[in-house]
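Dumped upload-v2.pdb below, it's PDB, C-alpha atoms, pLDDT in the B column:
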```pdb
ATOM      1  CA  MET A   1     -14.346 -16.530 -23.936  1.00 40.00           C
ATOM      2  CA  SER A   2     -17.542 -16.234 -21.870  1.00 44.00           C
ATOM      3  CA  SER A   3     -18.350 -13.030 -19.958  1.00 46.00           C
ATOM      4  CA  GLN A   4     -17.839 -14.967 -16.720  1.00 48.00           C
ATOM      5  CA  GLY A   5     -14.408 -16.026 -17.913  1.00 49.00           C
ATOM      6  CA  ASN A   6     -13.513 -12.447 -18.826  1.00 50.00           C
ATOM      7  CA  LYS A   7     -14.471 -11.291 -15.361  1.00 50.00           C
ATOM      8  CA  ARG A   8     -12.488 -14.066 -13.710  1.00 52.00           C
ATOM      9  CA  TYR A   9      -9.282 -13.451 -15.619  1.00 63.00           C
ATOM     10  CA  LYS A  10      -9.587  -9.665 -15.346  1.00 72.00           C
ATOM     11  CA  ALA A  11      -9.455 -10.015 -11.566  1.00 75.00           C
ATOM     12  CA  LEU A  12      -6.090 -11.749 -11.922  1.00 78.00           C
ATOM     13  CA  ASP A  13      -4.486  -8.711 -13.550  1.00 76.00           C
ATOM     14  CA  HIS A  14      -3.105  -7.520 -10.216  1.00 81.00           C
ATOM     15  CA  PRO A  15      -0.060  -9.340  -8.754  1.00 83.00           C
ATOM     16  CA  ILE A  16      -1.460  -9.240  -5.201  1.00 86.00           C
ATOM     17  CA  ARG A  17      -4.626 -11.031  -6.305  1.00 87.00           C
ATOM     18  CA  ARG A  18      -2.593 -13.612  -8.198  1.00 87.00           C
ATOM     19  CA  LYS A  19      -0.554 -14.205  -5.044  1.00 89.00           C
ATOM     20  CA  ILE A  20      -3.733 -14.641  -2.963  1.00 90.00           C
ATOM     21  CA  VAL A  21      -5.001 -17.284  -5.381  1.00 90.00           C
ATOM     22  CA  GLN A  22      -1.646 -19.070  -5.295  1.00 90.00           C
ATOM     23  CA  LEU A  23      -1.538 -19.056  -1.484  1.00 91.00           C
ATOM     24  CA  LEU A  24      -5.072 -20.415  -1.202  1.00 91.00           C
ATOM     25  CA  ALA A  25      -4.302 -23.083  -3.775  1.00 89.00           C
ATOM     26  CA  ASP A  26      -1.713 -24.455  -1.340  1.00 89.00           C
ATOM     27  CA  GLU A  27      -4.080 -24.470   1.649  1.00 90.00           C
ATOM     28  CA  PRO A  28      -6.937 -22.446   3.192  1.00 90.00           C
ATOM     29  CA  GLN A  29      -5.781 -19.283   4.953  1.00 89.00           C
ATOM     30  CA  THR A  30      -7.245 -16.983   7.564  1.00 90.00           C
ATOM     31  CA  TYR A  31      -7.381 -13.247   6.962  1.00 87.00           C
ATOM     32  CA  SER A  32      -4.511 -12.761   9.428  1.00 88.00           C
ATOM     33  CA  GLN A  33      -2.373 -15.378   7.708  1.00 89.00           C
ATOM     34  CA  LEU A  34      -2.876 -13.697   4.346  1.00 90.00           C
ATOM     35  CA  LEU A  35      -1.971 -10.331   5.862  1.00 86.00           C
ATOM     36  CA  GLN A  36       1.230 -11.738   7.305  1.00 88.00           C
ATOM     37  CA  LYS A  37       2.314 -13.477   4.111  1.00 89.00           C
ATOM     38  CA  LEU A  38       1.413 -10.651   1.740  1.00 88.00           C
ATOM     39  CA  GLU A  39       2.760  -7.876   4.004  1.00 84.00           C
ATOM     40  CA  ILE A  40       0.114  -5.342   2.962  1.00 83.00           C
ATOM     41  CA  GLU A  41      -2.366  -3.198   4.889  1.00 82.00           C
ATOM     42  CA  SER A  42      -5.607  -4.753   6.065  1.00 81.00           C
ATOM     43  CA  GLY A  43      -7.690  -2.400   3.951  1.00 80.00           C
ATOM     44  CA  HIS A  44      -5.727  -3.303   0.833  1.00 82.00           C
ATOM     45  CA  LEU A  45      -6.262  -7.002   1.499  1.00 84.00           C
ATOM     46  CA  ALA A  46     -10.000  -6.425   1.966  1.00 84.00           C
ATOM     47  CA  TYR A  47     -10.066  -4.571  -1.352  1.00 83.00           C
ATOM     48  CA  HIS A  48      -8.299  -7.362  -3.243  1.00 86.00           C
ATOM     49  CA  ILE A  49     -10.415 -10.102  -1.640  1.00 86.00           C
ATOM     50  CA  ARG A  50     -13.538  -8.237  -2.692  1.00 84.00           C
ATOM     51  CA  ASN A  51     -12.215  -8.004  -6.262  1.00 82.00           C
ATOM     52  CA  LEU A  52     -11.625 -11.753  -6.377  1.00 85.00           C
ATOM     53  CA  GLY A  53     -15.352 -12.051  -5.750  1.00 80.00           C
ATOM     54  CA  GLU A  54     -16.712 -15.355  -7.008  1.00 83.00           C
ATOM     55  CA  MET A  55     -13.401 -17.209  -6.696  1.00 87.00           C
ATOM     56  CA  LEU A  56     -13.250 -17.343  -2.893  1.00 89.00           C
ATOM     57  CA  GLU A  57     -15.388 -18.661  -0.085  1.00 89.00           C
ATOM     58  CA  LYS A  58     -15.012 -18.688   3.684  1.00 86.00           C
ATOM     59  CA  ASP A  59     -15.598 -21.663   5.956  1.00 86.00           C
ATOM     60  CA  GLU A  60     -17.021 -21.680   9.483  1.00 85.00           C
ATOM     61  CA  SER A  61     -13.531 -21.400  10.983  1.00 84.00           C
ATOM     62  CA  GLY A  62     -12.842 -18.170   9.105  1.00 85.00           C
ATOM     63  CA  ASN A  63     -10.518 -19.731   6.528  1.00 88.00           C
ATOM     64  CA  TYR A  64     -10.634 -18.479   2.956  1.00 90.00           C
ATOM     65  CA  TYR A  65     -10.398 -21.138   0.257  1.00 89.00           C
ATOM     66  CA  LEU A  66     -10.735 -21.426  -3.508  1.00 89.00           C
ATOM     67  CA  ASN A  67     -14.111 -22.566  -4.750  1.00 89.00           C
ATOM     68  CA  ARG A  68     -14.613 -24.173  -8.150  1.00 88.00           C
ATOM     69  CA  GLU A  69     -14.169 -20.867  -9.983  1.00 86.00           C
ATOM     70  CA  GLY A  70     -11.077 -20.138  -7.926  1.00 84.00           C
ATOM     71  CA  VAL A  71      -9.543 -23.484  -8.827  1.00 87.00           C
ATOM     72  CA  LYS A  72     -10.170 -22.751 -12.505  1.00 84.00           C
ATOM     73  CA  ALA A  73      -8.503 -19.375 -12.074  1.00 83.00           C
ATOM     74  CA  TYR A  74      -5.493 -21.048 -10.463  1.00 84.00           C
ATOM     75  CA  ASP A  75      -5.348 -23.548 -13.320  1.00 83.00           C
ATOM     76  CA  PHE A  76      -5.333 -20.636 -15.726  1.00 80.00           C
ATOM     77  CA  LEU A  77      -2.447 -19.012 -13.846  1.00 78.00           C
ATOM     78  CA  THR A  78      -0.329 -22.133 -13.804  1.00 79.00           C
ATOM     79  CA  GLY A  79      -1.294 -23.394 -17.256  1.00 72.00           C
ATOM     80  CA  GLU A  80      -2.418 -26.660 -15.706  1.00 49.00           C
ATOM     81  CA  TYR A  81      -5.934 -26.885 -17.072  1.00 41.00           C
ATOM     82  CA  SER A  82      -8.226 -29.264 -15.263  1.00 41.00           C
ATOM     83  CA  THR A  83      -9.380 -32.606 -16.595  1.00 40.00           C
ATOM     84  CA  GLU A  84     -12.827 -31.136 -16.994  1.00 40.00           C
ATOM     85  CA  ALA A  85     -11.504 -28.410 -19.257  1.00 40.00           C
ATOM     86  CA  SER A  86      -9.602 -30.868 -21.435  1.00 42.00           C
ATOM     87  CA  GLY A  87     -12.234 -33.604 -21.496  1.00 44.00           C
ATOM     88  CA  GLY A  88     -14.880 -34.514 -24.012  1.00 42.00           C
ATOM     89  CA  ASN A  89     -17.058 -31.440 -23.618  1.00 47.00           C
ATOM     90  CA  SER A  90     -16.848 -29.637 -26.954  1.00 47.00           C
ATOM     91  CA  PHE A  91     -17.815 -26.270 -25.483  1.00 50.00           C
ATOM     92  CA  GLU A  92     -14.997 -26.488 -22.938  1.00 55.00           C
ATOM     93  CA  ARG A  93     -12.613 -27.375 -25.748  1.00 55.00           C
ATOM     94  CA  VAL A  94     -13.679 -24.280 -27.665  1.00 53.00           C
ATOM     95  CA  VAL A  95     -13.086 -22.150 -24.581  1.00 57.00           C
ATOM     96  CA  LEU A  96      -9.670 -23.729 -24.093  1.00 61.00           C
ATOM     97  CA  LEU A  97      -8.709 -23.142 -27.709  1.00 60.00           C
ATOM     98  CA  SER A  98      -9.924 -19.560 -27.416  1.00 62.00           C
ATOM     99  CA  LEU A  99      -7.677 -19.057 -24.407  1.00 67.00           C
ATOM    100  CA  VAL A 100      -4.699 -20.472 -26.272  1.00 64.00           C
ATOM    101  CA  PHE A 101      -5.431 -18.182 -29.210  1.00 64.00           C
ATOM    102  CA  LEU A 102      -5.773 -15.190 -26.881  1.00 68.00           C
ATOM    103  CA  MET A 103      -2.439 -15.978 -25.250  1.00 70.00           C
ATOM    104  CA  LEU A 104      -0.797 -16.158 -28.675  1.00 68.00           C
ATOM    105  CA  VAL A 105      -2.295 -12.792 -29.611  1.00 62.00           C
ATOM    106  CA  ILE A 106      -1.028 -11.267 -26.362  1.00 67.00           C
ATOM    107  CA  ALA A 107       2.424 -12.721 -26.941  1.00 61.00           C
ATOM    108  CA  GLY A 108       2.444 -11.251 -30.430  1.00 60.00           C
ATOM    109  CA  ALA A 109       1.405  -7.857 -29.111  1.00 58.00           C
ATOM    110  CA  ILE A 110       4.258  -7.930 -26.615  1.00 56.00           C
ATOM    111  CA  LEU A 111       6.746  -8.747 -29.352  1.00 53.00           C
ATOM    112  CA  LEU A 112       5.406  -5.837 -31.394  1.00 54.00           C
ATOM    113  CA  GLY A 113       5.823  -3.444 -28.492  1.00 53.00           C
ATOM    114  CA  ALA A 114       2.620  -3.642 -26.446  1.00 49.00           C
ATOM    115  CA  PRO A 115       2.068  -0.724 -24.042  1.00 52.00           C
ATOM    116  CA  ASP A 116       3.443  -0.954 -20.520  1.00 54.00           C
ATOM    117  CA  ARG A 117       1.002  -2.324 -17.916  1.00 61.00           C
ATOM    118  CA  SER A 118       2.509  -0.162 -15.173  1.00 74.00           C
ATOM    119  CA  ALA A 119      -0.137   2.555 -15.645  1.00 74.00           C
ATOM    120  CA  GLU A 120      -2.928   0.031 -15.130  1.00 78.00           C
ATOM    121  CA  LEU A 121      -1.244  -1.298 -12.002  1.00 79.00           C
ATOM    122  CA  ARG A 122      -0.851   2.243 -10.651  1.00 82.00           C
ATOM    123  CA  PHE A 123      -4.558   2.764 -11.259  1.00 84.00           C
ATOM    124  CA  GLU A 124      -5.376  -0.388  -9.274  1.00 84.00           C
ATOM    125  CA  GLU A 125      -3.082   0.660  -6.432  1.00 85.00           C
ATOM    126  CA  GLN A 126      -4.676   4.109  -6.379  1.00 86.00           C
ATOM    127  CA  LYS A 127      -8.116   2.511  -6.159  1.00 87.00           C
ATOM    128  CA  ALA A 128      -6.962   0.324  -3.289  1.00 87.00           C
ATOM    129  CA  ASP A 129      -5.458   3.307  -1.483  1.00 88.00           C
ATOM    130  CA  THR A 130      -8.658   5.312  -1.936  1.00 90.00           C
ATOM    131  CA  TYR A 131     -10.697   2.393  -0.625  1.00 88.00           C
ATOM    132  CA  VAL A 132      -8.523   2.220   2.499  1.00 88.00           C
ATOM    133  CA  LEU A 133      -8.773   5.989   3.035  1.00 89.00           C
ATOM    134  CA  SER A 134     -12.562   5.748   2.762  1.00 90.00           C
ATOM    135  CA  LEU A 135     -12.651   3.059   5.448  1.00 88.00           C
ATOM    136  CA  GLN A 136     -10.400   5.152   7.682  1.00 89.00           C
ATOM    137  CA  ALA A 137     -12.597   8.214   7.183  1.00 90.00           C
ATOM    138  CA  LEU A 138     -15.677   6.158   8.060  1.00 89.00           C
ATOM    139  CA  ASP A 139     -13.976   4.990  11.259  1.00 88.00           C
ATOM    140  CA  ILE A 140     -13.426   8.631  12.245  1.00 88.00           C
ATOM    141  CA  VAL A 141     -17.054   9.438  11.445  1.00 89.00           C
ATOM    142  CA  TYR A 142     -18.209   6.662  13.775  1.00 87.00           C
ATOM    143  CA  GLU A 143     -15.934   7.994  16.530  1.00 84.00           C
ATOM    144  CA  ILE A 144     -17.333  11.498  16.069  1.00 84.00           C
ATOM    145  CA  PHE A 145     -20.887  10.196  16.432  1.00 81.00           C
ATOM    146  CA  GLU A 146     -20.122   8.683  19.844  1.00 79.00           C
ATOM    147  CA  ASP A 147     -20.406  11.968  21.746  1.00 77.00           C
ATOM    148  CA  TRP A 148     -21.470  15.590  21.466  1.00 77.00           C
ATOM    149  CA  GLU A 149     -18.088  16.831  22.706  1.00 78.00           C
ATOM    150  CA  ILE A 150     -15.293  15.565  20.465  1.00 78.00           C
ATOM    151  CA  PRO A 151     -11.527  16.149  20.244  1.00 80.00           C
ATOM    152  CA  ARG A 152     -10.770  18.712  17.582  1.00 81.00           C
ATOM    153  CA  ASP A 153      -8.083  16.328  16.295  1.00 83.00           C
ATOM    154  CA  HIS A 154     -10.854  13.992  15.108  1.00 84.00           C
ATOM    155  CA  TRP A 155     -12.371  16.737  12.995  1.00 85.00           C
ATOM    156  CA  THR A 156      -8.981  17.764  11.603  1.00 86.00           C
ATOM    157  CA  GLU A 157      -8.058  14.171  10.786  1.00 89.00           C
ATOM    158  CA  LEU A 158     -11.358  13.685   8.973  1.00 89.00           C
ATOM    159  CA  LEU A 159     -10.686  16.810   6.921  1.00 89.00           C
ATOM    160  CA  LEU A 160      -7.255  15.503   5.922  1.00 91.00           C
ATOM    161  CA  LYS A 161      -8.765  12.169   4.856  1.00 91.00           C
ATOM    162  CA  VAL A 162     -11.400  13.950   2.766  1.00 92.00           C
ATOM    163  CA  VAL A 163      -8.719  16.066   1.068  1.00 91.00           C
ATOM    164  CA  LYS A 164      -6.646  12.971   0.253  1.00 92.00           C
ATOM    165  CA  ILE A 165      -9.643  10.987  -1.006  1.00 92.00           C
ATOM    166  CA  LYS A 166     -10.656  13.898  -3.233  1.00 91.00           C
ATOM    167  CA  SER A 167      -7.125  14.113  -4.657  1.00 90.00           C
ATOM    168  CA  ASN A 168      -7.070  10.366  -5.322  1.00 90.00           C
ATOM    169  CA  LEU A 169     -10.440  10.503  -7.063  1.00 91.00           C
ATOM    170  CA  ASP A 170      -9.149  13.251  -9.343  1.00 89.00           C
ATOM    171  CA  ASP A 171      -6.180  11.022 -10.185  1.00 87.00           C
ATOM    172  CA  LEU A 172      -8.459   8.048 -10.853  1.00 89.00           C
ATOM    173  CA  TYR A 173     -10.463  10.185 -13.253  1.00 86.00           C
ATOM    174  CA  SER A 174      -7.237  11.207 -15.009  1.00 86.00           C
ATOM    175  CA  TYR A 175      -6.232   7.551 -15.351  1.00 83.00           C
ATOM    176  CA  SER A 176      -9.576   6.201 -16.526  1.00 85.00           C
ATOM    177  CA  GLY A 177     -11.733   9.055 -17.790  1.00 87.00           C
ATOM    178  CA  ASP A 178     -14.571   7.626 -15.683  1.00 88.00           C
ATOM    179  CA  LYS A 179     -16.757  10.587 -14.686  1.00 89.00           C
ATOM    180  CA  THR A 180     -17.969   8.714 -11.613  1.00 91.00           C
ATOM    181  CA  TYR A 181     -14.695   9.575  -9.900  1.00 91.00           C
ATOM    182  CA  VAL A 182     -14.750  13.255 -10.752  1.00 87.00           C
ATOM    183  CA  GLY A 183     -18.394  13.381  -9.660  1.00 91.00           C
ATOM    184  CA  PHE A 184     -17.448  12.079  -6.226  1.00 91.00           C
ATOM    185  CA  ALA A 185     -14.526  14.520  -6.066  1.00 91.00           C
ATOM    186  CA  GLU A 186     -16.793  17.470  -6.820  1.00 91.00           C
ATOM    187  CA  ARG A 187     -19.230  16.420  -4.095  1.00 91.00           C
ATOM    188  CA  LEU A 188     -16.386  16.028  -1.593  1.00 91.00           C
ATOM    189  CA  GLU A 189     -15.250  19.577  -2.332  1.00 90.00           C
ATOM    190  CA  TYR A 190     -18.304  20.905  -0.480  1.00 90.00           C
ATOM    191  CA  TYR A 191     -17.499  18.858   2.638  1.00 88.00           C
ATOM    192  CA  GLU A 192     -13.852  19.880   2.469  1.00 89.00           C
ATOM    193  CA  SER A 193     -14.956  23.518   2.574  1.00 88.00           C
ATOM    194  CA  GLU A 194     -17.444  22.959   5.403  1.00 86.00           C
ATOM    195  CA  LEU A 195     -15.013  20.968   7.539  1.00 85.00           C
ATOM    196  CA  SER A 196     -12.330  23.631   7.032  1.00 84.00           C
ATOM    197  CA  SER A 197     -14.619  26.480   8.052  1.00 78.00           C
ATOM    198  CA  VAL A 198     -15.476  24.776  11.342  1.00 70.00           C
ATOM    199  CA  ILE A 199     -11.805  24.325  12.191  1.00 65.00           C
ATOM    200  CA  VAL A 200     -11.084  27.999  11.590  1.00 52.00           C
ATOM    201  CA  VAL A 201     -13.795  29.323  13.917  1.00 50.00           C
ATOM    202  CA  GLY A 202     -13.823  26.595  16.590  1.00 47.00           C
ATOM    203  CA  ASP A 203     -12.340  26.511  20.076  1.00 52.00           C
ATOM    204  CA  PRO A 204      -9.043  24.648  20.635  1.00 60.00           C
ATOM    205  CA  GLY A 205      -8.955  21.202  22.203  1.00 74.00           C
ATOM    206  CA  TYR A 206     -12.565  20.045  22.121  1.00 72.00           C
ATOM    207  CA  MET A 207     -15.510  21.128  20.021  1.00 75.00           C
ATOM    208  CA  THR A 208     -19.250  20.772  20.437  1.00 76.00           C
ATOM    209  CA  LEU A 209     -20.976  18.689  17.813  1.00 77.00           C
ATOM    210  CA  THR A 210     -24.049  20.808  17.094  1.00 81.00           C
ATOM    211  CA  VAL A 211     -27.099  19.521  15.275  1.00 83.00           C
ATOM    212  CA  GLU A 212     -25.857  21.214  12.093  1.00 85.00           C
ATOM    213  CA  LYS A 213     -22.459  19.567  12.390  1.00 85.00           C
ATOM    214  CA  ARG A 214     -24.007  16.164  13.030  1.00 85.00           C
ATOM    215  CA  TYR A 215     -26.165  16.587   9.946  1.00 87.00           C
ATOM    216  CA  LEU A 216     -23.067  17.519   7.918  1.00 87.00           C
ATOM    217  CA  ILE A 217     -21.227  14.425   9.145  1.00 88.00           C
ATOM    218  CA  ARG A 218     -24.253  12.229   8.463  1.00 89.00           C
ATOM    219  CA  GLU A 219     -24.349  13.424   4.840  1.00 90.00           C
ATOM    220  CA  LEU A 220     -20.601  12.882   4.495  1.00 90.00           C
ATOM    221  CA  HIS A 221     -21.044   9.389   5.928  1.00 90.00           C
ATOM    222  CA  THR A 222     -23.539   8.576   3.161  1.00 90.00           C
ATOM    223  CA  LEU A 223     -21.174   9.878   0.479  1.00 90.00           C
ATOM    224  CA  LEU A 224     -18.220   7.905   1.855  1.00 89.00           C
ATOM    225  CA  LEU A 225     -20.296   4.731   1.749  1.00 89.00           C
ATOM    226  CA  GLU A 226     -21.133   5.449  -1.901  1.00 89.00           C
ATOM    227  CA  ILE A 227     -17.447   5.933  -2.702  1.00 89.00           C
ATOM    228  CA  GLU A 228     -16.479   2.746  -0.880  1.00 86.00           C
ATOM    229  CA  GLU A 229     -19.112   0.785  -2.790  1.00 85.00           C
ATOM    230  CA  ALA A 230     -17.999   2.228  -6.145  1.00 86.00           C
ATOM    231  CA  LEU A 231     -14.399   1.195  -5.543  1.00 81.00           C
TER     232      LEU A 231
END
```
With the file now loaded, output its structure as structure tokens.
Amino acid sequence: MSSQGNKRYKALDHPIRRKIVQLLADEPQTYSQLLQKLEIESGHLAYHIRNLGEMLEKDESGNYYLNREGVKAYDFLTGEYSTEASGGNSFERVVLLSLVFLMLVIAGAILLGAPDRSAELRFEEQKADTYVLSLQALDIVYEIFEDWEIPRDHWTELLLKVVKIKSNLDDLYSYSGDKTYVGFAERLEYYESELSSVIVVGDPGYMTLTVEKRYLIRELHTLLLEIEEAL
């Protein structure tokens, strides 16, 4: 199978992404329509749409639809390979035969007691949750930047988001062994400490966003964008 094919089928590992492809195969859908039918949070939908990558496109009316790669992915899901895939092109035939062979191997592995996929799905859900938390934390950062006098609740809420993101990143590292996650978690530990210290010494109600605090938030903003991009 080509590297492009591997990437395409890997994206279909998650049931939510398979459902998105199936819905768009029926007809183009707006973001709101997908949200309503999938019954998931907006941030989670954004995460899964981003992971579908090259399969989807968006028209001028804001409707998502399957492009050529998306149609091939849908054909793979349903087992209804396109005429192009089953035609006279020998390379396409080789790819098709490779897919059939791969499916037979997978079936054999299942019969022999293949490992449960639940851990991989939990990893994907944890990534999606962390992505959503990062977006929420960024929203708070933007609110904080709007004024020099801010509600202390904003600062506290940002701290709680940072703590949760850090915990999730530690879990992602445990799942995958990818040191990128633990690296982000270690960097967030500094901001967790700094945000906590401000809450302890600050006045109740509102707090003044000093130059030092704005600089701290600006650095945290950069880190959150890095985390969002990595997810």
- Message: Running the PyMOL selection byres ((chain A and resi 49) around 12) on this model by hand, what would come out? Give it as a ChimeraX atom specification.
- Response: /A:11-12,14,16-21,24,30-31,34-35,42-48,50-58,64-66,70,128
- Spell out the residues picked by the PyMOL selection byres ((chain A and resi 195) around 12) here, as a PyMOL selection string. chain A and resi 152+154-163+188-194+196-202+212-214+216-217+220
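In this model, the gap between CA of Asp26 in chain A and CA of Tyr74 in chain A comes to 10.4 Å.
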- Message: Which residue is closest to Asp139 in chain A? Choose from A:Lys72, A:His221, A:Lys166, A:Lys10 and count all atoms listed in the file.
- Response: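 Between A:Lys72, A:His221, A:Lys166, A:Lys10, the residue approaching Asp139 in chain A most closely is A:His221.
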- So what does the PyMOL selection byres ((chain A and resi 208) around 7) actually pick up in this one, as a ChimeraX atom specification? /A:148-150,206-207,209-210
- Restricting the calculation to only C-alpha atoms, which member of A:Ile144, A:Leu138, A:Leu133, A:Val182 is positioned closest to Lys164 in chain A?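 Once distances to Lys164 in chain A are computed over only C-alpha atoms, the minimum belongs to A:Leu133.
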Taking all atoms of range 24-33 of chain A that the file lists, what box with edges along x, y and z, padded by 4 Å per side, do you get, with centre and edge lengths in Å to one decimal, as AutoDock Vina command-line options?
```
--center_x -4.5 --center_y -18.6 --center_z 2.8 --size_x 13.7 --size_y 19.7 --size_z 21.2
```
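Distance-wise, CA of Ser176 in chain A and CA of Glu226 in chain A end up 18.7 Å apart.
With distances restricted to all atoms listed in the file, A:Gln22 is the closest residue to Ala73 in chain A from A:Gln36, A:Gln22, A:Asn168, A:Gln29.
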- Which residue out of A:Glu186, A:Leu172, A:Ile227, A:Asn67 has the minimum interatomic distance to Leu121 in chain A when all atoms listed in the file are used?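 Ranked by minimum distance to Leu121 in chain A, first place goes to A:Leu172.
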- Message: From the options A:Asn63, A:Asp153, A:Glu41, A:Asp129, which residue's atoms come nearest to Pro28 in chain A, counting all atoms listed in the file?
- Response: A:Asn63
Some atoms are absent from range 125-137 of chain A, so rebuild N, CA, C and O atoms and return them as a PDB file, in the frame of the given file.
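After the write, out-v5.pdb holds the following:
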```
ATOM      1  N   GLU A 125      -3.618   0.308  -7.747  1.00 85.00           N
ATOM      2  CA  GLU A 125      -3.082   0.660  -6.432  1.00 85.00           C
ATOM      3  C   GLU A 125      -3.747   1.930  -5.899  1.00 85.00           C
ATOM      4  O   GLU A 125      -4.012   2.050  -4.700  1.00 85.00           O
ATOM      5  N   GLN A 126      -4.010   2.870  -6.790  1.00 86.00           N
ATOM      6  CA  GLN A 126      -4.676   4.109  -6.379  1.00 86.00           C
ATOM      7  C   GLN A 126      -6.096   3.821  -5.902  1.00 86.00           C
ATOM      8  O   GLN A 126      -6.570   4.405  -4.922  1.00 86.00           O
ATOM      9  N   LYS A 127      -6.778   2.910  -6.589  1.00 87.00           N
ATOM     10  CA  LYS A 127      -8.116   2.511  -6.159  1.00 87.00           C
ATOM     11  C   LYS A 127      -8.069   1.868  -4.780  1.00 87.00           C
ATOM     12  O   LYS A 127      -8.896   2.165  -3.910  1.00 87.00           O
ATOM     13  N   ALA A 128      -7.093   0.994  -4.585  1.00 87.00           N
ATOM     14  CA  ALA A 128      -6.962   0.324  -3.289  1.00 87.00           C
ATOM     15  C   ALA A 128      -6.677   1.334  -2.184  1.00 87.00           C
ATOM     16  O   ALA A 128      -7.249   1.262  -1.090  1.00 87.00           O
ATOM     17  N   ASP A 129      -5.803   2.286  -2.471  1.00 88.00           N
ATOM     18  CA  ASP A 129      -5.458   3.307  -1.483  1.00 88.00           C
ATOM     19  C   ASP A 129      -6.677   4.161  -1.142  1.00 88.00           C
ATOM     20  O   ASP A 129      -6.916   4.497   0.027  1.00 88.00           O
ATOM     21  N   THR A 130      -7.457   4.504  -2.156  1.00 90.00           N
ATOM     22  CA  THR A 130      -8.658   5.312  -1.936  1.00 90.00           C
ATOM     23  C   THR A 130      -9.686   4.537  -1.119  1.00 90.00           C
ATOM     24  O   THR A 130     -10.368   5.101  -0.254  1.00 90.00           O
ATOM     25  N   TYR A 131      -9.789   3.256  -1.385  1.00 88.00           N
ATOM     26  CA  TYR A 131     -10.697   2.393  -0.625  1.00 88.00           C
ATOM     27  C   TYR A 131     -10.309   2.379   0.854  1.00 88.00           C
ATOM     28  O   TYR A 131     -11.157   2.522   1.742  1.00 88.00           O
ATOM     29  N   VAL A 132      -9.014   2.233   1.114  1.00 88.00           N
ATOM     30  CA  VAL A 132      -8.523   2.220   2.499  1.00 88.00           C
ATOM     31  C   VAL A 132      -8.791   3.562   3.177  1.00 88.00           C
ATOM     32  O   VAL A 132      -9.246   3.621   4.328  1.00 88.00           O
ATOM     33  N   LEU A 133      -8.523   4.657   2.479  1.00 89.00           N
ATOM     34  CA  LEU A 133      -8.773   5.989   3.035  1.00 89.00           C
ATOM     35  C   LEU A 133     -10.253   6.178   3.364  1.00 89.00           C
ATOM     36  O   LEU A 133     -10.601   6.791   4.385  1.00 89.00           O
ATOM     37  N   SER A 134     -11.124   5.639   2.514  1.00 90.00           N
ATOM     38  CA  SER A 134     -12.562   5.748   2.762  1.00 90.00           C
ATOM     39  C   SER A 134     -12.953   5.006   4.036  1.00 90.00           C
ATOM     40  O   SER A 134     -13.750   5.504   4.839  1.00 90.00           O
ATOM     41  N   LEU A 135     -12.382   3.818   4.223  1.00 88.00           N
ATOM     42  CA  LEU A 135     -12.651   3.059   5.448  1.00 88.00           C
ATOM     43  C   LEU A 135     -12.148   3.808   6.677  1.00 88.00           C
ATOM     44  O   LEU A 135     -12.819   3.849   7.717  1.00 88.00           O
ATOM     45  N   GLN A 136     -10.964   4.398   6.559  1.00 89.00           N
ATOM     46  CA  GLN A 136     -10.400   5.152   7.682  1.00 89.00           C
ATOM     47  C   GLN A 136     -11.255   6.374   8.004  1.00 89.00           C
ATOM     48  O   GLN A 136     -11.479   6.695   9.177  1.00 89.00           O
ATOM     49  N   ALA A 137     -11.735   7.054   6.966  1.00 90.00           N
ATOM     50  CA  ALA A 137     -12.597   8.214   7.183  1.00 90.00           C
ATOM     51  C   ALA A 137     -13.906   7.798   7.850  1.00 90.00           C
ATOM     52  O   ALA A 137     -14.416   8.492   8.741  1.00 90.00           O
TER      53      ALA A 137
END
```
